[in-house]
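Worksheet: the structure to be examined is printed underneath.
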Amino acid sequence: MAFVFTPEAPIAVPVVGGDDKFAVRRVYCVGRNYAAHAREMGYDPDREPPFFFCKPADAVVPVSYGETLDLEYPSQTSNYHYEAELVAVIGKGGADIPVEKALDYVWGYAVGLDMTRRDLQMKMREMGRPWELGKAFDRSAPLGPIHPVASVGHFESAGLWLTVNGEMKQKSDVSHLIWSVAETVAYLSQFFRLEPGDVIFTGTPEGVGAVKTGDTMKVGVDRLGELTVRVI
């Protein structure tokens, strides 16, 4: 088959423990999945059904351990925010997955950043419009190496943190997720057939805030290590 343009190679995220790569298919993100973060964004964190937004696969920027990713300050914003997250990746396909079987579909976990043009997100929210301008822009999803479940297990609890220039900004535990990883996978699979390569950002805790050019962020999750990202 001939293509008019040569297709780009898939975004390939390193897998810990070998030379394999994880090809990203889709990126799903859960909104307001920590109660304290929902409050800081002006919402009552009752246990309503989770909601999702998407980023394009090529928003993912793989970040290796030990390196500092230089991340350009994006255009059209003056309020560029960090959101530290536990990320689950899918390893087999399924739809309408029962919650008690949902973790069987999770192949591994990683540390991620949902970078956000907060001013554009808030403007779109106030106008009742989609969030893509605030969430789905280029290089908005730095992602660390993927740890297979076979190596690290699942995450009912684990510390999650983010520092900016050495100052702690976000510090929580994934046990505080309103919707667990299993519940999130099961619910999402009612609306989309999940397939190998799908990536799920599970939500961020309280403490989100702005960064500026020259700031260095370190984001980590227990058992998954820590990433370093510098805004340039």
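Residue names in the structure tokens use chain letters A, B, ... in the order shown, residue numbers from 1 in each chain, and ligand numbers from 1 in the order shown.
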Kindly assemble as JSON lines a list of the stretch 3-116 of chain A residues that lie within 10 Å of stretch 159-165 of chain A, each paired with its nearest atom pair and their distance in Å to one decimal, using only C-alpha atoms, sorted first by chain and then by ascending residue number.
```
{"residue": "A:Tyr82", "atom": "CA", "partner": "A:Leu162", "partner_atom": "CA", "distance": 8.7}
{"residue": "A:Glu83", "atom": "CA", "partner": "A:Leu162", "partner_atom": "CA", "distance": 8.4}
{"residue": "A:Ala84", "atom": "CA", "partner": "A:Leu162", "partner_atom": "CA", "distance": 6.3}
{"residue": "A:Glu85", "atom": "CA", "partner": "A:Leu160", "partner_atom": "CA", "distance": 7.5}
{"residue": "A:Leu86", "atom": "CA", "partner": "A:Leu160", "partner_atom": "CA", "distance": 7.6}
{"residue": "A:Val111", "atom": "CA", "partner": "A:Leu160", "partner_atom": "CA", "distance": 9.0}
{"residue": "A:Leu113", "atom": "CA", "partner": "A:Leu162", "partner_atom": "CA", "distance": 9.6}
```
What are the closest atom pairs, with distances in Å to one decimal, for each residue of stretch 88-158 of chain A lying within 12 Å of stretch 25-29 of chain A, using only C-alpha atoms, rows by chain and rising residue number, as JSON lines?
```
{"residue": "A:Ala88", "atom": "CA", "partner": "A:Tyr28", "partner_atom": "CA", "distance": 9.9}
{"residue": "A:Val89", "atom": "CA", "partner": "A:Val27", "partner_atom": "CA", "distance": 9.3}
{"residue": "A:Ile90", "atom": "CA", "partner": "A:Arg25", "partner_atom": "CA", "distance": 9.7}
{"residue": "A:Gly91", "atom": "CA", "partner": "A:Arg25", "partner_atom": "CA", "distance": 11.0}
{"residue": "A:Gly93", "atom": "CA", "partner": "A:Arg25", "partner_atom": "CA", "distance": 11.8}
{"residue": "A:Gly112", "atom": "CA", "partner": "A:Cys29", "partner_atom": "CA", "distance": 10.8}
{"residue": "A:Leu113", "atom": "CA", "partner": "A:Cys29", "partner_atom": "CA", "distance": 10.8}
{"residue": "A:Asp114", "atom": "CA", "partner": "A:Cys29", "partner_atom": "CA", "distance": 8.4}
{"residue": "A:Met115", "atom": "CA", "partner": "A:Cys29", "partner_atom": "CA", "distance": 11.5}
{"residue": "A:Trp131", "atom": "CA", "partner": "A:Cys29", "partner_atom": "CA", "distance": 11.7}
{"residue": "A:Glu132", "atom": "CA", "partner": "A:Cys29", "partner_atom": "CA", "distance": 11.9}
{"residue": "A:Lys135", "atom": "CA", "partner": "A:Cys29", "partner_atom": "CA", "distance": 9.7}
{"residue": "A:Ala136", "atom": "CA", "partner": "A:Val27", "partner_atom": "CA", "distance": 9.8}
{"residue": "A:Ser140", "atom": "CA", "partner": "A:Val27", "partner_atom": "CA", "distance": 11.1}
{"residue": "A:Ala141", "atom": "CA", "partner": "A:Val27", "partner_atom": "CA", "distance": 9.0}
{"residue": "A:Pro142", "atom": "CA", "partner": "A:Val27", "partner_atom": "CA", "distance": 11.8}
{"residue": "A:Leu143", "atom": "CA", "partner": "A:Val27", "partner_atom": "CA", "distance": 11.2}
```
Please save N, CA and C atoms of the selected residues as an mmCIF file, in the first residue's frame.
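As a result, again.cif now contains:
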```cif
data_model
loop_
_atom_site.group_PDB
_atom_site.id
_atom_site.type_symbol
_atom_site.label_atom_id
_atom_site.label_comp_id
_atom_site.auth_asym_id
_atom_site.auth_seq_id
_atom_site.Cartn_x
_atom_site.Cartn_y
_atom_site.Cartn_z
ATOM 1 N N ALA A 88 -1.360 4.414 34.174
ATOM 2 C CA ALA A 88 -1.545 2.982 33.916
ATOM 3 C C ALA A 88 -1.562 2.762 32.410
ATOM 4 N N VAL A 89 -0.939 1.683 31.946
ATOM 5 C CA VAL A 89 -0.930 1.381 30.509
ATOM 6 C C VAL A 89 -1.601 0.026 30.272
ATOM 7 N N ILE A 90 -2.316 -0.052 29.161
ATOM 8 C CA ILE A 90 -3.153 -1.215 28.856
ATOM 9 C C ILE A 90 -2.385 -2.189 27.965
ATOM 10 N N GLY A 91 -2.550 -3.492 28.273
ATOM 11 C CA GLY A 91 -1.810 -4.512 27.543
ATOM 12 C C GLY A 91 -2.649 -5.496 26.764
ATOM 13 N N GLY A 93 -6.852 -5.988 24.812
ATOM 14 C CA GLY A 93 -8.069 -5.309 24.423
ATOM 15 C C GLY A 93 -9.297 -5.831 25.129
ATOM 16 N N GLY A 112 3.867 10.222 35.235
ATOM 17 C CA GLY A 112 3.520 11.137 34.155
ATOM 18 C C GLY A 112 3.247 12.548 34.631
ATOM 19 N N LEU A 113 3.323 13.484 33.697
ATOM 20 C CA LEU A 113 2.964 14.883 33.921
ATOM 21 C C LEU A 113 1.886 15.279 32.914
ATOM 22 N N ASP A 114 0.765 15.756 33.420
ATOM 23 C CA ASP A 114 -0.269 16.345 32.568
ATOM 24 C C ASP A 114 -0.051 17.856 32.601
ATOM 25 N N MET A 115 0.730 18.367 31.646
ATOM 26 C CA MET A 115 0.993 19.799 31.585
ATOM 27 C C MET A 115 -0.214 20.507 30.964
ATOM 28 N N TRP A 131 -11.818 21.169 26.153
ATOM 29 C CA TRP A 131 -10.581 21.581 26.812
ATOM 30 C C TRP A 131 -9.331 21.434 25.951
ATOM 31 N N GLU A 132 -9.448 21.037 24.698
ATOM 32 C CA GLU A 132 -8.237 20.689 23.932
ATOM 33 C C GLU A 132 -7.176 21.779 23.935
ATOM 34 N N LYS A 135 -5.329 21.416 27.184
ATOM 35 C CA LYS A 135 -4.823 20.112 27.618
ATOM 36 C C LYS A 135 -4.098 19.314 26.531
ATOM 37 N N ALA A 136 -4.472 19.478 25.272
ATOM 38 C CA ALA A 136 -4.044 18.534 24.241
ATOM 39 C C ALA A 136 -2.975 19.099 23.323
ATOM 40 N N SER A 140 2.599 17.888 25.795
ATOM 41 C CA SER A 140 1.907 18.171 27.059
ATOM 42 C C SER A 140 1.842 16.972 27.994
ATOM 43 N N ALA A 141 2.481 15.859 27.626
ATOM 44 C CA ALA A 141 2.379 14.648 28.452
ATOM 45 C C ALA A 141 3.729 13.954 28.615
ATOM 46 N N PRO A 142 4.689 14.566 29.321
ATOM 47 C CA PRO A 142 5.933 13.850 29.638
ATOM 48 C C PRO A 142 5.637 12.550 30.384
ATOM 49 N N LEU A 143 6.309 11.468 29.989
ATOM 50 C CA LEU A 143 6.012 10.143 30.544
ATOM 51 C C LEU A 143 7.302 9.373 30.771
#
```
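Residues in contact with A:Val99 at 7 Å, where only C-alpha atoms are counted and same-chain residues fewer than 5 positions away are skipped, are listed as Ala182, Glu183 and Ala186 of chain A.
A straight line drawn from atom CA of A:Asn79 to atom CA of A:Leu133 is 12.9 Å long.
Reported to one decimal place, the separation of atom CA of A:Leu224 from atom CA of A:Ser151 is 10.4 Å.
Atom CA of A:Ala210 to atom CA of A:Glu72 spans 14.0 Å [interatomic distance, one decimal].
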*Long-range neighbours of stretch 172-181 of chain A as a ChimeraX atom specification, 12 Å cut-off, only C-alpha atoms, 6 positions minimum in chain*: /A:29-38,45-51,84-90,99-106,108-109,111,154-162,187-188,199-208,219-222
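All residues of protein, DNA or RNA that reach within 10 Å of A:Thr68, judged by only C-alpha atoms and not counting those fewer than 6 positions away in the chain, are A:Thr216, A:Met217, A:Lys218, A:Leu227, A:Thr228, A:Val229, A:Arg230.
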*Given the choices A:Val63, A:Val211, A:Val185, A:Leu69, which gets closest to A:Thr116 if the distance is worked out from only C-alpha atoms?*
A:Val211
*Hey, which of A:Phe137, A:Tyr73, A:Asp58, A:Pro145 ends up closest to A:Ala9? Count only C-alpha atoms.*
A:Asp58
*Got a sec to tell me which of stretch 5-225 of chain A DSSP assigns to strand (DSSP E), as a count of residues only?*
74
*asked:* Nearest residue to A:Asp70 out of A:Gly225, A:Gly144, A:Gly214, A:Pro130, using only C-alpha atoms?
replied: A:Gly214
